[in-house]
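Here the structure comes first, spelled out in structure tokens, and everything after it is commentary.
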Amino acid sequence: MTLILTRSDILAMLGHEETVAAVEQAHIDLARGAAVLPTPPVMRLPGGEDGAFLAMAAASAPAGLATVKLLADLPGNRERGLPVQRSAILAVSAADGGCAALLDGAAVTRFRTAAASAVATRALMRADARVLGLVGTGPLALAHAHALRTVWAYERVVLWGRTPERARELTGVIARELGVPAEAVAGPREVTVAADVLCTLTPSREPVVRGAWFRPGLHVNAVGAPPRPDHREIDTEGMRRSVVVVDAYGTAVAKSGEVVIALAEGALGEDDVRRELGGVLTGACAGRTSDTDITLFDSVGLGLQDLAAARLLIDRAGERGLGTRIDLAG
């Protein structure tokens, strides 16, 4: 039988703390060779609009699953009033190949993306960090505020978004749900100079954050840009000044605009972008080595992170009797 989990099913079961733990373990498994993560192929329809389809596959021996998330990245959806990115996740048993589950991808992506930032933040931030900065005010911003709170007792939030009303609304939600004072400021520069940990969460093509604004000791999670080599939120100077940690090398050099452009401009060399999060977690490579280092986690997003969340959800649905089960071979 195949388990079908809708978005409402997923939101009823998935929490930030356990997702952070699962994503952290997935990166450790990858570093130790217990998981497989091919670079996702990009498919574009000839003669069509500027859309792309990514097949984000992964397999994990400890999780006992192989998964693929088919991600549709369709900028034209904005004019249709639809999400630009839509996805679904297929999970099969690594033991016998049986179709274990089909899951809506939106909520899973949001939770696992914020979880990866939380894992990187705990590993890379200064011990005396106090202020969280958010550039962008969409659903990922609130997810990051919640996920980072599970690993760090930050004392204040500063944020900016292109829509002032949305920024003010988010400050109220953060204060109400997390009990932390939050302030909307005038622009990305003001967020950057105030923050000890900065999360960039915009679907930007051109940089919205400049490396010239980085203070010594800052940690940055560069998250929001779509997985396209010409989209980036952080400029080349920001990459040059930072100790860069990627989620996975093969994915970063193919899909991260921050990495691809900085390499093309000669600001970074290949060795500068080989430091993977899993390697930092296992001690195979260094992350932050001093309080004055500027660290940057370049988060493109991995199919293995989707797999980790899928494993959690499949187990929890079984325990609680949630979801819908169908016989695909019937």
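Identifiers in this document derive from the order of the structure tokens: chains are assigned A, B, ..., residues are numbered from 1 separately in each chain, and ligands are numbered from 1 in order of occurrence.
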
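Taking region 150-305 of chain A and asking which residues DSSP calls strand (DSSP E) on the backbone, you get Arg156, Val157, Val158, Leu159, Trp160, Ala182, Glu183, Ala184, Val197, Leu198, Cys199, Thr200, His219, Val220, Asn221, Ala222, Val243, Val244, Val245, Val246, Thr295, Leu296, Phe297 and Asp298 of chain A.
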
Spatial neighbours of Leu322 (chain A), max dist 9 Å, only C-alpha atoms, sep filter under 3 positions, as a ChimeraX atom specification: /A:5,9,13,316-319

Please provide the set of residues having any atom within 12 Å of region 27-37 of chain A, restricted to only C-alpha atoms, with same-chain residues fewer than 2 positions apart removed, written as number ranges by chain. A: 20-25, 39-41, 55-68, 94, 112, 115-116, 119-120, 246-251, 275-285, 301-308

Within 8 Å of Val244 (chain A), counting only C-alpha atoms, which residues qualify if same-chain residues fewer than 3 places away don't, as a PyMOL selection string? chain A and resi 239+272-273+275+295-298

Could you make a table, as JSON lines, of the residues of region 180-271 of chain A that have an atom within 7 Å of an atom of region 136-147 of chain A, each with its nearest atom pair and distance in Å to one decimal, counting only C-alpha atoms, in chain and number order?
```
{"residue": "A:Thr200", "atom": "CA", "partner": "A:Gly136", "partner_atom": "CA", "distance": 6.5}
{"residue": "A:Leu201", "atom": "CA", "partner": "A:Gly136", "partner_atom": "CA", "distance": 4.9}
{"residue": "A:Thr202", "atom": "CA", "partner": "A:Gly136", "partner_atom": "CA", "distance": 5.2}
```

Extract, using only C-alpha atoms, all DNA, RNA and protein residues at most 6 Å from region 88-92 of chain A, discarding same-chain residues fewer than 5 positions from it, and format them as a list in words. Leu65, Ala66, Thr67, Val68, Lys69, Leu70, Gly97, Gly98, Cys99, Ala100, Ala101, Leu102, Leu103, Asp104 and Gly105 of chain A

Calculated over only C-alpha atoms, which of the candidates A:Ala114, A:Leu263, A:Asp196, A:Arg80 has the smallest distance to Gly15 (chain A)?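 The answer is A:Ala114, which sits nearest to Gly15 (chain A).
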
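CA of Thr2 (chain A) is found 11.0 Å from CA of Gly330 (chain A).
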
Name the residues of region 90-236 of chain A that fall into alpha helix (DSSP H) according to DSSP on the backbone, using the chain letters and numbers of this document, as a ChimeraX atom specification. /A:105-124,139-149,164-178,188-194,236

May I have the residues within 8 Å of Glu233 (chain A) as a short mmCIF file (atom, residue, chain, number, x, y, z; two decimals) with N, CA and C atoms, in the first residue's frame, using only C-alpha atoms and disregarding those fewer than 2 positions away in the same chain?
```
data_model
loop_
_atom_site.label_atom_id
_atom_site.label_comp_id
_atom_site.auth_asym_id
_atom_site.auth_seq_id
_atom_site.Cartn_x
_atom_site.Cartn_y
_atom_site.Cartn_z
N THR A 200 18.96 35.29 4.21
CA THR A 200 18.41 35.94 3.03
C THR A 200 17.41 34.99 2.39
N THR A 202 14.84 35.73 -0.24
CA THR A 202 14.11 36.33 -1.36
C THR A 202 14.38 35.54 -2.64
N PRO A 203 13.43 35.49 -3.57
CA PRO A 203 13.64 34.80 -4.84
C PRO A 203 14.35 35.69 -5.85
N SER A 204 15.45 36.28 -5.42
CA SER A 204 16.06 37.34 -6.22
C SER A 204 16.96 36.80 -7.33
N ARG A 205 17.03 37.55 -8.42
CA ARG A 205 17.98 37.27 -9.49
C ARG A 205 19.25 38.09 -9.30
N GLU A 206 19.10 39.31 -8.82
CA GLU A 206 20.24 40.19 -8.58
C GLU A 206 20.49 40.32 -7.08
N PRO A 207 21.73 40.56 -6.67
CA PRO A 207 22.04 40.63 -5.24
C PRO A 207 21.21 41.68 -4.51
N VAL A 208 20.70 41.28 -3.35
CA VAL A 208 20.01 42.22 -2.47
C VAL A 208 20.86 42.54 -1.25
N VAL A 209 21.92 41.78 -1.02
CA VAL A 209 22.82 41.98 0.12
C VAL A 209 24.25 42.12 -0.39
N ALA A 222 22.42 31.95 3.09
CA ALA A 222 21.94 32.41 1.79
C ALA A 222 20.99 31.35 1.24
N GLY A 224 17.34 32.03 -0.34
CA GLY A 224 16.13 32.25 -1.11
C GLY A 224 16.21 32.13 -2.61
N ALA A 225 17.37 32.39 -3.21
CA ALA A 225 17.46 32.39 -4.67
C ALA A 225 17.11 31.02 -5.24
N HIS A 231 20.91 33.29 -10.66
CA HIS A 231 20.15 33.94 -9.59
C HIS A 231 20.99 33.95 -8.31
N ASP A 235 26.23 39.33 -3.22
CA ASP A 235 27.13 39.71 -4.31
C ASP A 235 28.48 39.00 -4.19
N GLU A 258 25.23 32.22 -6.45
CA GLU A 258 26.29 32.80 -5.63
C GLU A 258 27.63 32.14 -5.93
#
```
